[in-house]
file target19.cif (mmCIF, C-alpha atoms and all ligand atoms)
data_protein
loop_
_atom_site.group_PDB
_atom_site.id
_atom_site.type_symbol
_atom_site.label_atom_id
_atom_site.label_comp_id
_atom_site.auth_asym_id
_atom_site.auth_seq_id
_atom_site.Cartn_x
_atom_site.Cartn_y
_atom_site.Cartn_z
ATOM 1 C CA MET A 174 -13.557 -16.680 -11.751
ATOM 2 C CA LYS A 175 -9.791 -16.965 -12.263
ATOM 3 C CA THR A 176 -7.606 -18.813 -14.747
ATOM 4 C CA ASP A 177 -3.841 -18.600 -15.288
ATOM 5 C CA LEU A 178 -1.507 -17.549 -12.489
ATOM 6 C CA LEU A 179 0.368 -14.587 -13.989
ATOM 7 C CA TYR A 180 2.571 -13.590 -11.088
ATOM 8 C CA GLU A 181 3.219 -14.440 -7.462
ATOM 9 C CA GLY A 182 4.573 -11.749 -5.175
ATOM 10 C CA LYS A 183 5.349 -11.703 -1.453
ATOM 11 C CA ALA A 184 1.782 -10.807 -0.430
ATOM 12 C CA LYS A 185 -0.481 -11.706 -3.360
ATOM 13 C CA ARG A 186 -1.017 -14.031 -6.306
ATOM 14 C CA VAL A 187 -2.221 -12.422 -9.519
ATOM 15 C CA TYR A 188 -4.476 -14.373 -11.910
ATOM 16 C CA GLN A 189 -6.091 -13.597 -15.237
ATOM 17 C CA ALA A 190 -9.839 -13.190 -14.630
ATOM 18 C CA LYS A 191 -11.946 -15.826 -16.395
ATOM 19 C CA ASP A 192 -13.820 -14.571 -19.490
ATOM 20 C CA LYS A 193 -12.922 -10.955 -18.687
ATOM 21 C CA THR A 194 -10.192 -9.439 -20.783
ATOM 22 C CA GLY A 195 -8.311 -6.642 -19.105
ATOM 23 C CA GLN A 196 -9.249 -7.782 -15.604
ATOM 24 C CA LEU A 197 -7.239 -9.602 -12.957
ATOM 25 C CA VAL A 198 -8.005 -11.464 -9.746
ATOM 26 C CA LEU A 199 -5.718 -10.625 -6.794
ATOM 27 C CA ASP A 200 -5.577 -13.383 -4.173
ATOM 28 C CA TYR A 201 -4.103 -12.189 -0.870
ATOM 29 C CA LYS A 202 -1.707 -14.621 0.840
ATOM 30 C CA ASN A 203 -1.190 -15.326 4.528
ATOM 31 C CA ASP A 204 2.565 -14.617 4.372
ATOM 32 C CA ALA A 205 4.102 -11.700 6.232
ATOM 33 C CA THR A 206 7.577 -10.542 5.220
ATOM 34 C CA ALA A 207 9.837 -7.766 6.456
ATOM 35 C CA PHE A 208 13.367 -6.472 5.908
ATOM 36 C CA ASN A 209 13.273 -7.262 2.182
ATOM 37 C CA GLY A 210 12.053 -10.820 2.788
ATOM 38 C CA GLU A 211 14.611 -11.710 5.497
ATOM 39 C CA LYS A 212 11.913 -12.123 8.183
ATOM 40 C CA LYS A 213 9.015 -14.326 7.126
ATOM 41 C CA GLU A 214 6.042 -15.920 8.859
ATOM 42 C CA VAL A 215 2.638 -17.314 7.921
ATOM 43 C CA PHE A 216 -0.441 -15.963 9.730
ATOM 44 C CA ILE A 217 -3.598 -17.897 8.909
ATOM 45 C CA GLY A 218 -6.234 -15.247 8.194
ATOM 46 C CA LYS A 219 -3.893 -12.405 7.208
ATOM 47 C CA GLY A 220 -4.907 -12.718 3.542
ATOM 48 C CA ARG A 221 -8.565 -12.224 4.424
ATOM 49 C CA LEU A 222 -7.812 -9.225 6.645
ATOM 50 C CA ASN A 223 -5.671 -7.407 4.064
ATOM 51 C CA ASN A 224 -8.135 -8.166 1.267
ATOM 52 C CA GLU A 225 -11.005 -6.753 3.341
ATOM 53 C CA ILE A 226 -9.027 -3.698 4.510
ATOM 54 C CA SER A 227 -7.591 -2.869 1.076
ATOM 55 C CA ALA A 228 -11.007 -3.372 -0.592
ATOM 56 C CA TYR A 229 -12.593 -1.046 1.985
ATOM 57 C CA ILE A 230 -10.006 1.689 1.352
ATOM 58 C CA PHE A 231 -9.997 1.406 -2.451
ATOM 59 C CA LYS A 232 -13.820 1.485 -2.521
ATOM 60 C CA ALA A 233 -13.755 4.666 -0.425
ATOM 61 C CA LEU A 234 -11.173 6.233 -2.780
ATOM 62 C CA ASN A 235 -13.181 5.208 -5.886
ATOM 63 C CA GLU A 236 -16.259 6.841 -4.329
ATOM 64 C CA GLN A 237 -14.255 10.036 -3.782
ATOM 65 C CA GLY A 238 -13.311 10.150 -7.462
ATOM 66 C CA VAL A 239 -9.765 8.772 -7.276
ATOM 67 C CA GLN A 240 -9.109 6.567 -10.302
ATOM 68 C CA THR A 241 -7.956 3.146 -9.099
ATOM 69 C CA HIS A 242 -7.653 -0.379 -10.463
ATOM 70 C CA PHE A 243 -10.170 -1.720 -7.917
ATOM 71 C CA ILE A 244 -13.494 -3.136 -9.171
ATOM 72 C CA GLU A 245 -14.944 -5.338 -6.403
ATOM 73 C CA LYS A 246 -14.214 -7.828 -3.652
ATOM 74 C CA LEU A 247 -14.936 -11.360 -4.884
ATOM 75 C CA SER A 248 -14.353 -13.558 -1.835
ATOM 76 C CA GLU A 249 -12.647 -13.502 1.548
ATOM 77 C CA THR A 250 -9.195 -13.341 -0.009
ATOM 78 C CA GLU A 251 -9.859 -12.255 -3.606
ATOM 79 C CA GLN A 252 -10.643 -9.019 -5.417
ATOM 80 C CA LEU A 253 -11.265 -8.133 -9.055
ATOM 81 C CA VAL A 254 -9.158 -5.309 -10.521
ATOM 82 C CA HIS A 255 -8.453 -3.710 -13.882
ATOM 83 C CA GLN A 256 -5.249 -5.018 -15.416
ATOM 84 C CA THR A 257 -2.447 -2.460 -15.320
ATOM 85 C CA GLU A 258 1.205 -2.495 -16.140
ATOM 86 C CA ILE A 259 2.788 -1.611 -12.818
ATOM 87 C CA ILE A 260 5.126 1.399 -12.911
ATOM 88 C CA PRO A 261 8.251 0.217 -11.014
ATOM 89 C CA LEU A 262 8.139 3.023 -8.452
ATOM 90 C CA GLU A 263 7.153 2.888 -4.793
ATOM 91 C CA VAL A 264 5.698 6.258 -3.902
ATOM 92 C CA VAL A 265 5.983 6.870 -0.150
ATOM 93 C CA VAL A 266 4.173 9.743 1.572
ATOM 94 C CA ARG A 267 5.276 10.716 5.077
ATOM 95 C CA ASN A 268 3.323 12.847 7.564
ATOM 96 C CA VAL A 269 5.474 11.940 10.562
ATOM 97 C CA ALA A 270 9.023 10.560 10.752
ATOM 98 C CA ALA A 271 9.191 6.786 11.282
ATOM 99 C CA GLY A 272 11.027 3.818 9.795
ATOM 100 C CA SER A 273 13.765 4.202 7.196
ATOM 101 C CA ILE A 274 13.895 8.019 7.133
ATOM 102 C CA THR A 275 14.774 8.175 10.836
ATOM 103 C CA ARG A 276 17.843 6.027 10.123
ATOM 104 C CA ARG A 277 18.784 7.423 6.708
ATOM 105 C CA LEU A 278 18.697 11.100 7.699
ATOM 106 C CA GLU A 279 18.886 10.800 11.484
ATOM 107 C CA ILE A 280 15.541 12.533 11.878
ATOM 108 C CA GLU A 281 14.054 11.937 15.299
ATOM 109 C CA ALA A 282 11.069 9.559 15.244
ATOM 110 C CA ASP A 283 7.681 11.313 15.587
ATOM 111 C CA THR A 284 8.899 14.564 13.957
ATOM 112 C CA PRO A 285 5.968 15.919 11.912
ATOM 113 C CA PHE A 286 6.460 16.826 8.238
ATOM 114 C CA THR A 287 4.448 19.881 7.226
ATOM 115 C CA PRO A 288 3.955 19.774 4.299
ATOM 116 C CA PRO A 289 4.143 15.977 3.942
ATOM 117 C CA LEU A 290 7.159 14.460 2.168
ATOM 118 C CA VAL A 291 6.902 12.402 -1.019
ATOM 119 C CA GLU A 292 9.728 9.952 -1.708
ATOM 120 C CA LEU A 293 10.341 7.660 -4.673
ATOM 121 C CA PHE A 294 11.886 4.214 -4.391
ATOM 122 C CA TYR A 295 12.832 1.976 -7.314
ATOM 123 C CA LYS A 296 10.838 -1.250 -7.082
ATOM 124 C CA ASP A 297 13.584 -3.847 -7.338
ATOM 125 C CA ASP A 298 14.000 -6.519 -4.650
ATOM 126 C CA LYS A 299 17.553 -7.427 -5.629
ATOM 127 C CA LEU A 300 18.636 -3.807 -5.177
ATOM 128 C CA GLY A 301 16.642 -3.515 -1.935
ATOM 129 C CA ASP A 302 14.226 -0.884 -3.382
ATOM 130 C CA PRO A 303 16.676 2.079 -3.357
ATOM 131 C CA LEU A 304 15.588 5.688 -2.814
ATOM 132 C CA ILE A 305 15.765 7.538 -6.151
ATOM 133 C CA ASN A 306 15.160 11.064 -7.438
ATOM 134 C CA ASP A 307 12.896 12.273 -10.245
ATOM 135 C CA GLU A 308 15.615 12.038 -12.892
ATOM 136 C CA HIS A 309 16.305 8.414 -11.950
ATOM 137 C CA ALA A 310 12.557 7.671 -12.034
ATOM 138 C CA LEU A 311 12.292 9.118 -15.555
ATOM 139 C CA PHE A 312 15.256 7.015 -16.672
ATOM 140 C CA LEU A 313 14.107 3.797 -14.949
ATOM 141 C CA SER A 314 10.422 3.868 -15.897
ATOM 142 C CA ASP A 315 8.383 4.849 -18.940
ATOM 143 C CA VAL A 316 6.607 7.783 -17.275
ATOM 144 C CA THR A 317 6.923 11.263 -18.720
ATOM 145 C CA ARG A 318 7.934 14.261 -16.638
ATOM 146 C CA SER A 319 4.336 15.493 -16.467
ATOM 147 C CA GLU A 320 3.044 12.007 -15.544
ATOM 148 C CA LEU A 321 5.566 11.897 -12.694
ATOM 149 C CA GLN A 322 4.302 15.257 -11.411
ATOM 150 C CA GLU A 323 0.754 13.914 -11.736
ATOM 151 C CA ILE A 324 1.665 10.768 -9.746
ATOM 152 C CA LYS A 325 3.180 12.832 -6.936
ATOM 153 C CA ALA A 326 0.192 15.204 -6.872
ATOM 154 C CA LYS A 327 -2.177 12.226 -6.752
ATOM 155 C CA ALA A 328 -0.184 10.689 -3.892
ATOM 156 C CA LEU A 329 -0.587 13.920 -1.878
ATOM 157 C CA GLU A 330 -4.301 14.112 -2.663
ATOM 158 C CA ILE A 331 -4.740 10.467 -1.572
ATOM 159 C CA ASN A 332 -2.789 11.329 1.583
ATOM 160 C CA GLN A 333 -5.376 14.011 2.438
ATOM 161 C CA GLN A 334 -8.278 11.673 1.784
ATOM 162 C CA LEU A 335 -6.785 8.802 3.769
ATOM 163 C CA THR A 336 -5.686 11.063 6.638
ATOM 164 C CA THR A 337 -9.311 12.210 6.980
ATOM 165 C CA LEU A 338 -10.667 8.672 6.666
ATOM 166 C CA PHE A 339 -8.346 7.266 9.339
ATOM 167 C CA GLU A 340 -8.970 10.227 11.668
ATOM 168 C CA THR A 341 -12.624 9.141 11.811
ATOM 169 C CA VAL A 342 -11.444 5.874 13.410
ATOM 170 C CA ASP A 343 -8.975 7.595 15.760
ATOM 171 C CA LEU A 344 -5.889 6.705 13.783
ATOM 172 C CA LYS A 345 -3.000 8.866 12.639
ATOM 173 C CA LEU A 346 -1.724 8.068 9.137
ATOM 174 C CA VAL A 347 2.034 8.283 9.730
ATOM 175 C CA ASP A 348 3.270 7.109 6.311
ATOM 176 C CA PHE A 349 2.310 4.781 3.485
ATOM 177 C CA LYS A 350 3.435 3.389 0.162
ATOM 178 C CA LEU A 351 1.505 3.570 -3.112
ATOM 179 C CA GLU A 352 2.011 1.949 -6.489
ATOM 180 C CA PHE A 353 0.563 3.186 -9.750
ATOM 181 C CA GLY A 354 -0.143 1.250 -12.936
ATOM 182 C CA ARG A 355 -0.971 2.005 -16.549
ATOM 183 C CA LEU A 356 -4.241 0.793 -18.035
ATOM 184 C CA ALA A 357 -4.393 -0.433 -21.656
ATOM 185 C CA SER A 358 -5.814 3.034 -22.482
ATOM 186 C CA GLY A 359 -2.536 4.599 -21.298
ATOM 187 C CA CYS A 360 -4.198 6.184 -18.278
ATOM 188 C CA ILE A 361 -2.294 5.954 -14.956
ATOM 189 C CA VAL A 362 -4.339 4.773 -11.956
ATOM 190 C CA LEU A 363 -3.679 3.798 -8.342
ATOM 191 C CA SER A 364 -2.902 0.054 -8.163
ATOM 192 C CA ASP A 365 -1.609 -2.623 -5.771
ATOM 193 C CA GLU A 366 -2.919 -2.512 -2.175
ATOM 194 C CA ILE A 367 -3.370 -0.163 0.798
ATOM 195 C CA SER A 368 -3.296 -2.167 3.994
ATOM 196 C CA PRO A 369 -1.509 -2.321 7.355
ATOM 197 C CA ASP A 370 1.318 -3.994 5.394
ATOM 198 C CA THR A 371 1.843 -0.760 3.458
ATOM 199 C CA CYS A 372 0.832 1.963 5.965
ATOM 200 C CA ARG A 373 1.889 3.046 9.434
ATOM 201 C CA LEU A 374 -1.183 3.763 11.535
ATOM 202 C CA TRP A 375 -0.970 4.918 15.143
ATOM 203 C CA ASP A 376 -3.838 5.236 17.588
ATOM 204 C CA ILE A 377 -4.372 8.993 18.064
ATOM 205 C CA THR A 378 -4.611 8.696 21.853
ATOM 206 C CA THR A 379 -2.321 5.817 22.825
ATOM 207 C CA ASN A 380 0.119 5.763 19.845
ATOM 208 C CA GLU A 381 -0.487 1.979 19.607
ATOM 209 C CA ASN A 382 0.693 0.652 16.200
ATOM 210 C CA LEU A 383 -2.091 -0.938 14.140
ATOM 211 C CA ASP A 384 0.212 -1.992 11.310
ATOM 212 C CA LYS A 385 3.049 -4.290 10.231
ATOM 213 C CA ASP A 386 5.505 -2.674 12.658
ATOM 214 C CA VAL A 387 4.178 -5.110 15.307
ATOM 215 C CA PHE A 388 5.614 -7.905 13.129
ATOM 216 C CA ARG A 389 8.772 -6.020 12.069
ATOM 217 C CA GLN A 390 9.594 -5.179 15.690
ATOM 218 C CA GLY A 391 8.020 -8.234 17.321
ATOM 219 C CA THR A 392 5.930 -5.994 19.579
ATOM 220 C CA GLY A 393 2.443 -7.411 19.103
ATOM 221 C CA ASP A 394 0.083 -9.914 17.533
ATOM 222 C CA LEU A 395 -0.268 -9.160 13.808
ATOM 223 C CA LEU A 396 -3.672 -10.841 13.383
ATOM 224 C CA GLU A 397 -5.061 -9.115 16.457
ATOM 225 C CA VAL A 398 -4.047 -5.618 15.352
ATOM 226 C CA TYR A 399 -5.112 -6.091 11.703
ATOM 227 C CA GLN A 400 -8.509 -7.353 12.947
ATOM 228 C CA LYS A 401 -8.766 -4.345 15.268
ATOM 229 C CA LEU A 402 -8.134 -2.016 12.314
ATOM 230 C CA LEU A 403 -10.776 -3.780 10.186
ATOM 231 C CA ASN A 404 -13.300 -3.619 13.045
ATOM 232 C CA ARG A 405 -12.754 0.122 13.400
ATOM 233 C CA LEU A 406 -13.224 0.700 9.656
ATOM 234 C CA GLU A 407 -16.341 -1.472 9.507
ATOM 235 C CA ALA A 408 -17.843 0.350 12.508
ATOM 236 C CA ARG A 409 -17.628 3.709 10.659
ATOM 237 C CA THR A 410 -21.025 5.252 10.037
HETATM 238 N N1 LIG A 501 6.518 0.295 2.625
HETATM 239 C C1 LIG A 501 5.915 -0.718 1.895
HETATM 240 N N2 LIG A 501 6.710 -1.523 1.127
HETATM 241 C C2 LIG A 501 8.045 -1.388 1.040
HETATM 242 C C3 LIG A 501 8.661 -0.362 1.792
HETATM 243 C C4 LIG A 501 7.864 0.467 2.578
HETATM 244 O O1 LIG A 501 4.698 -0.868 1.922
HETATM 245 O O2 LIG A 501 8.686 -2.158 0.305
HETATM 246 C C5 LIG A 501 5.689 1.177 3.460
HETATM 247 C C6 LIG A 501 5.899 0.938 4.944
HETATM 248 O O3 LIG A 501 4.944 0.028 5.449
HETATM 249 C C7 LIG A 501 5.706 2.311 5.533
HETATM 250 C C8 LIG A 501 6.135 3.260 4.416
HETATM 251 O O4 LIG A 501 6.076 2.513 3.211
HETATM 252 O O5 LIG A 501 4.325 2.538 5.810
HETATM 253 C C9 LIG A 501 7.532 3.823 4.623
HETATM 254 O O6 LIG A 501 8.425 2.756 4.837
HETATM 255 P P1 LIG A 501 9.965 3.037 5.200
HETATM 256 O O7 LIG A 501 10.631 3.676 4.043
HETATM 257 O O8 LIG A 501 10.007 3.751 6.487
HETATM 258 O O9 LIG A 501 10.626 1.619 5.320
HETATM 259 P P2 LIG A 501 10.578 0.510 6.459
HETATM 260 O O10 LIG A 501 10.812 1.172 7.778
HETATM 261 O O11 LIG A 501 9.214 -0.087 6.325
HETATM 262 O O12 LIG A 501 11.675 -0.425 6.064
#
call {"tool": "encode", "arguments": {"input": "target19.cif", "output": "structure tokens"}}
result
Amino acid sequence: MKTDLLYEGKAKRVYQAKDKTGQLVLDYKNDATAFNGEKKEVFIGKGRLNNEISAYIFKALNEQGVQTHFIEKLSETEQLVHQTEIIPLEVVVRNVAAGSITRRLEIEADTPFTPPLVELFYKDDKLGDPLINDEHALFLSDVTRSELQEIKAKALEINQQLTTLFETVDLKLVDFKLEFGRLASGCIVLSDEISPDTCRLWDITTNENLDKDVFRQGTGDLLEVYQKLLNRLEART
């Protein structure tokens, strides 16, 4: 199903799909990293969990009419996607204050944002993915001003859809990161992954973290909480 390795990132390997031009195979790895790669550990089974969770979420978004790169899950750790050229922006949506914004702006953790905030970060490991504004994003990427507005509007629409989806499994979507990519046609679609590596998800009743914060903060068992999240999603009617 896959041929040449095109790229290896922190969480996934990207291969050209065999006999299918314009399609890629994403193979999810077992590595967990935090603090820009400073903290690293291997969790056997993490690749399967994130592949299953991300496939579940992208399928739900596709069914709701969001244009994404996702085609289908191929195996425990692999999925087939449309090839896109990734736009080097990390689009973060925040419903509640947590993580970097609490430190950067001294906003008390748990403060709700109504309406939600959209932030842009420049995807560059050596710079530590700095926060940027729209003008920087236009300079640093090939998106037009109207495409940037479209990306931010899409991120907010996806936030509404995901907030509703996670509410059905008693989880609060605190914040998450999206990446967008350009298809050969020029069209911009949602790419990369949506998983507990890229979202903060808190149990609505207990505030338990079902996301990578248990690894970042050393407060829980990553495999156990990712499995718990997958079980909740799979139990949805
Ligand atoms: N995030 C991500 N990749 C990154 C940075 C952030 O997926 O390189 C996600 C992170 O999991 C969280 C949201 O984006 O759900 C906001 O992260 P934040 O800016 O608070 O940074 P962090 O506290 O994770 O360093």
call {"tool": "atom_distance", "arguments": {"input": "target19.cif", "atom1": "atom CA of A:Val291", "atom2": "atom CA of A:Leu406"}}
result
25.6 Å
call {"tool": "closest_atom_pairs", "arguments": {"input": "target19.cif", "of": "chain A", "to": "ligand LIG 501 (chain A)", "cutoff": "10 Å", "atoms": "all atoms listed in the file", "output": "CSV"}}
result
residue,atom,partner,partner_atom,distance
A:Thr206,CA,A:LIG501,O2,9.8
A:Ala207,CA,A:LIG501,O12,7.6
A:Phe208,CA,A:LIG501,O12,6.3
A:Asn209,CA,A:LIG501,O2,7.1
A:Gly210,CA,A:LIG501,O2,9.6
A:Glu263,CA,A:LIG501,C2,7.3
A:Val264,CA,A:LIG501,O4,8.0
A:Val265,CA,A:LIG501,O4,5.5
A:Val266,CA,A:LIG501,C8,7.3
A:Arg267,CA,A:LIG501,C9,7.3
A:Ala270,CA,A:LIG501,O8,8.1
A:Ala271,CA,A:LIG501,O8,5.7
A:Gly272,CA,A:LIG501,O10,3.3
A:Ser273,CA,A:LIG501,O8,3.9
A:Ile274,CA,A:LIG501,O8,5.8
A:Thr275,CA,A:LIG501,O8,7.8
A:Arg276,CA,A:LIG501,O10,8.9
A:Arg277,CA,A:LIG501,O7,9.4
A:Glu292,CA,A:LIG501,O7,8.6
A:Leu293,CA,A:LIG501,O7,9.6
A:Phe294,CA,A:LIG501,C3,8.3
A:Tyr295,CA,A:LIG501,O2,9.6
A:Lys296,CA,A:LIG501,O2,7.7
A:Asp297,CA,A:LIG501,O2,9.2
A:Asp298,CA,A:LIG501,O2,8.5
A:Gly301,CA,A:LIG501,O2,8.4
A:Asp302,CA,A:LIG501,O2,6.8
A:Pro303,CA,A:LIG501,O7,9.7
A:Leu304,CA,A:LIG501,O7,8.7
A:Leu346,CA,A:LIG501,O5,8.8
A:Val347,CA,A:LIG501,O5,7.3
A:Asp348,CA,A:LIG501,O5,4.7
A:Phe349,CA,A:LIG501,O5,3.8
A:Lys350,CA,A:LIG501,O4,4.1
A:Leu351,CA,A:LIG501,O1,7.4
A:Glu352,CA,A:LIG501,O1,9.3
A:Glu366,CA,A:LIG501,O1,8.8
A:Ile367,CA,A:LIG501,O1,8.2
A:Ser368,CA,A:LIG501,O1,8.4
A:Pro369,CA,A:LIG501,O3,7.1
A:Asp370,CA,A:LIG501,O3,5.4
A:Thr371,CA,A:LIG501,O1,3.2
A:Cys372,CA,A:LIG501,O5,3.5
A:Arg373,CA,A:LIG501,O5,4.4
A:Leu374,CA,A:LIG501,O5,8.0
A:Asp384,CA,A:LIG501,O3,7.8
A:Lys385,CA,A:LIG501,O3,6.7
A:Asp386,CA,A:LIG501,O3,7.7
A:Arg389,CA,A:LIG501,O11,8.3
call {"tool": "write_last_selection", "arguments": {"input": "target19.cif", "atoms": "C-alpha atoms", "output": "PDB file, in the frame of the given file"}}
result
ATOM      1  CA  THR A 206       7.577 -10.542   5.220  1.00  0.00           C
ATOM      2  CA  ALA A 207       9.837  -7.766   6.456  1.00  0.00           C
ATOM      3  CA  PHE A 208      13.367  -6.472   5.908  1.00  0.00           C
ATOM      4  CA  ASN A 209      13.273  -7.262   2.182  1.00  0.00           C
ATOM      5  CA  GLY A 210      12.053 -10.820   2.788  1.00  0.00           C
ATOM      6  CA  GLU A 263       7.153   2.888  -4.793  1.00  0.00           C
ATOM      7  CA  VAL A 264       5.698   6.258  -3.902  1.00  0.00           C
ATOM      8  CA  VAL A 265       5.983   6.870  -0.150  1.00  0.00           C
ATOM      9  CA  VAL A 266       4.173   9.743   1.572  1.00  0.00           C
ATOM     10  CA  ARG A 267       5.276  10.716   5.077  1.00  0.00           C
ATOM     11  CA  ALA A 270       9.023  10.560  10.752  1.00  0.00           C
ATOM     12  CA  ALA A 271       9.191   6.786  11.282  1.00  0.00           C
ATOM     13  CA  GLY A 272      11.027   3.818   9.795  1.00  0.00           C
ATOM     14  CA  SER A 273      13.765   4.202   7.196  1.00  0.00           C
ATOM     15  CA  ILE A 274      13.895   8.019   7.133  1.00  0.00           C
ATOM     16  CA  THR A 275      14.774   8.175  10.836  1.00  0.00           C
ATOM     17  CA  ARG A 276      17.843   6.027  10.123  1.00  0.00           C
ATOM     18  CA  ARG A 277      18.784   7.423   6.708  1.00  0.00           C
ATOM     19  CA  GLU A 292       9.728   9.952  -1.708  1.00  0.00           C
ATOM     20  CA  LEU A 293      10.341   7.660  -4.673  1.00  0.00           C
ATOM     21  CA  PHE A 294      11.886   4.214  -4.391  1.00  0.00           C
ATOM     22  CA  TYR A 295      12.832   1.976  -7.314  1.00  0.00           C
ATOM     23  CA  LYS A 296      10.838  -1.250  -7.082  1.00  0.00           C
ATOM     24  CA  ASP A 297      13.584  -3.847  -7.338  1.00  0.00           C
ATOM     25  CA  ASP A 298      14.000  -6.519  -4.650  1.00  0.00           C
ATOM     26  CA  GLY A 301      16.642  -3.515  -1.935  1.00  0.00           C
ATOM     27  CA  ASP A 302      14.226  -0.884  -3.382  1.00  0.00           C
ATOM     28  CA  PRO A 303      16.676   2.079  -3.357  1.00  0.00           C
ATOM     29  CA  LEU A 304      15.588   5.688  -2.814  1.00  0.00           C
ATOM     30  CA  LEU A 346      -1.724   8.068   9.137  1.00  0.00           C
ATOM     31  CA  VAL A 347       2.034   8.283   9.730  1.00  0.00           C
ATOM     32  CA  ASP A 348       3.270   7.109   6.311  1.00  0.00           C
ATOM     33  CA  PHE A 349       2.310   4.781   3.485  1.00  0.00           C
ATOM     34  CA  LYS A 350       3.435   3.389   0.162  1.00  0.00           C
ATOM     35  CA  LEU A 351       1.505   3.570  -3.112  1.00  0.00           C
ATOM     36  CA  GLU A 352       2.011   1.949  -6.489  1.00  0.00           C
ATOM     37  CA  GLU A 366      -2.919  -2.512  -2.175  1.00  0.00           C
ATOM     38  CA  ILE A 367      -3.370  -0.163   0.798  1.00  0.00           C
ATOM     39  CA  SER A 368      -3.296  -2.167   3.994  1.00  0.00           C
ATOM     40  CA  PRO A 369      -1.509  -2.321   7.355  1.00  0.00           C
ATOM     41  CA  ASP A 370       1.318  -3.994   5.394  1.00  0.00           C
ATOM     42  CA  THR A 371       1.843  -0.760   3.458  1.00  0.00           C
ATOM     43  CA  CYS A 372       0.832   1.963   5.965  1.00  0.00           C
ATOM     44  CA  ARG A 373       1.889   3.046   9.434  1.00  0.00           C
ATOM     45  CA  LEU A 374      -1.183   3.763  11.535  1.00  0.00           C
ATOM     46  CA  ASP A 384       0.212  -1.992  11.310  1.00  0.00           C
ATOM     47  CA  LYS A 385       3.049  -4.290  10.231  1.00  0.00           C
ATOM     48  CA  ASP A 386       5.505  -2.674  12.658  1.00  0.00           C
ATOM     49  CA  ARG A 389       8.772  -6.020  12.069  1.00  0.00           C
TER      50      ARG A 389
END
call {"tool": "closest_residue", "arguments": {"input": "target19.cif", "among": "A:Val187, A:Ile226, A:Leu403, A:Ala233", "to": "A:Leu338", "atoms": "all atoms listed in the file"}}
result
A:Ala233
call {"tool": "atom_distance", "arguments": {"input": "target19.cif", "atom1": "atom CA of A:Asn332", "atom2": "atom CA of A:Leu395"}}
result
24.0 Å
call {"tool": "resolve_selection", "arguments": {"input": "target19.cif", "expression": "the PyMOL selection byres (((chain A and resi 253) around 9) and not hetatm)", "output": "PyMOL selection string"}}
result
chain A and resi 190+196-199+242-247+251-252+254-255
call {"tool": "atom_distance", "arguments": {"input": "target19.cif", "atom1": "atom CA of A:Lys183", "atom2": "atom CA of A:Leu300"}}
result
15.9 Å
call {"tool": "closest_residue", "arguments": {"input": "target19.cif", "among": "A:Leu290, A:Ala408, A:Ile259, A:Leu396", "to": "A:Ile361", "atoms": "all atoms listed in the file"}}
result
A:Ile259
call {"tool": "closest_residue", "arguments": {"input": "target19.cif", "among": "A:Asn382, A:Ile260, A:Asn224, A:Val398", "to": "A:Leu311", "atoms": "only C-alpha atoms"}}
result
A:Ile260
call {"tool": "residues_around", "arguments": {"input": "target19.cif", "residues": "A:Thr379", "least_positions_apart": "6", "cutoff": "12 Å", "atoms": "only C-alpha atoms", "output": "NGL selection string"}}
result
:A and (343-345)
call {"tool": "write_last_selection", "arguments": {"input": "target19.cif", "atoms": "C-alpha atoms", "output": "mmCIF file, in the frame of the given file"}}
result
data_model
loop_
_atom_site.group_PDB
_atom_site.id
_atom_site.type_symbol
_atom_site.label_atom_id
_atom_site.label_comp_id
_atom_site.auth_asym_id
_atom_site.auth_seq_id
_atom_site.Cartn_x
_atom_site.Cartn_y
_atom_site.Cartn_z
ATOM 1 C CA ASP A 343 -8.975 7.595 15.760
ATOM 2 C CA LEU A 344 -5.889 6.705 13.783
ATOM 3 C CA LYS A 345 -3.000 8.866 12.639
#
call {"tool": "closest_residue", "arguments": {"input": "target19.cif", "among": "A:Asp204, A:Glu323, A:Asp394, A:Glu225", "to": "A:Val362", "atoms": "only C-alpha atoms"}}
result
A:Glu323
call {"tool": "closest_residue", "arguments": {"input": "target19.cif", "among": "A:Leu222, A:Cys360, A:Val342, A:Leu321", "to": "A:Thr241", "atoms": "all atoms listed in the file"}}
result
A:Cys360
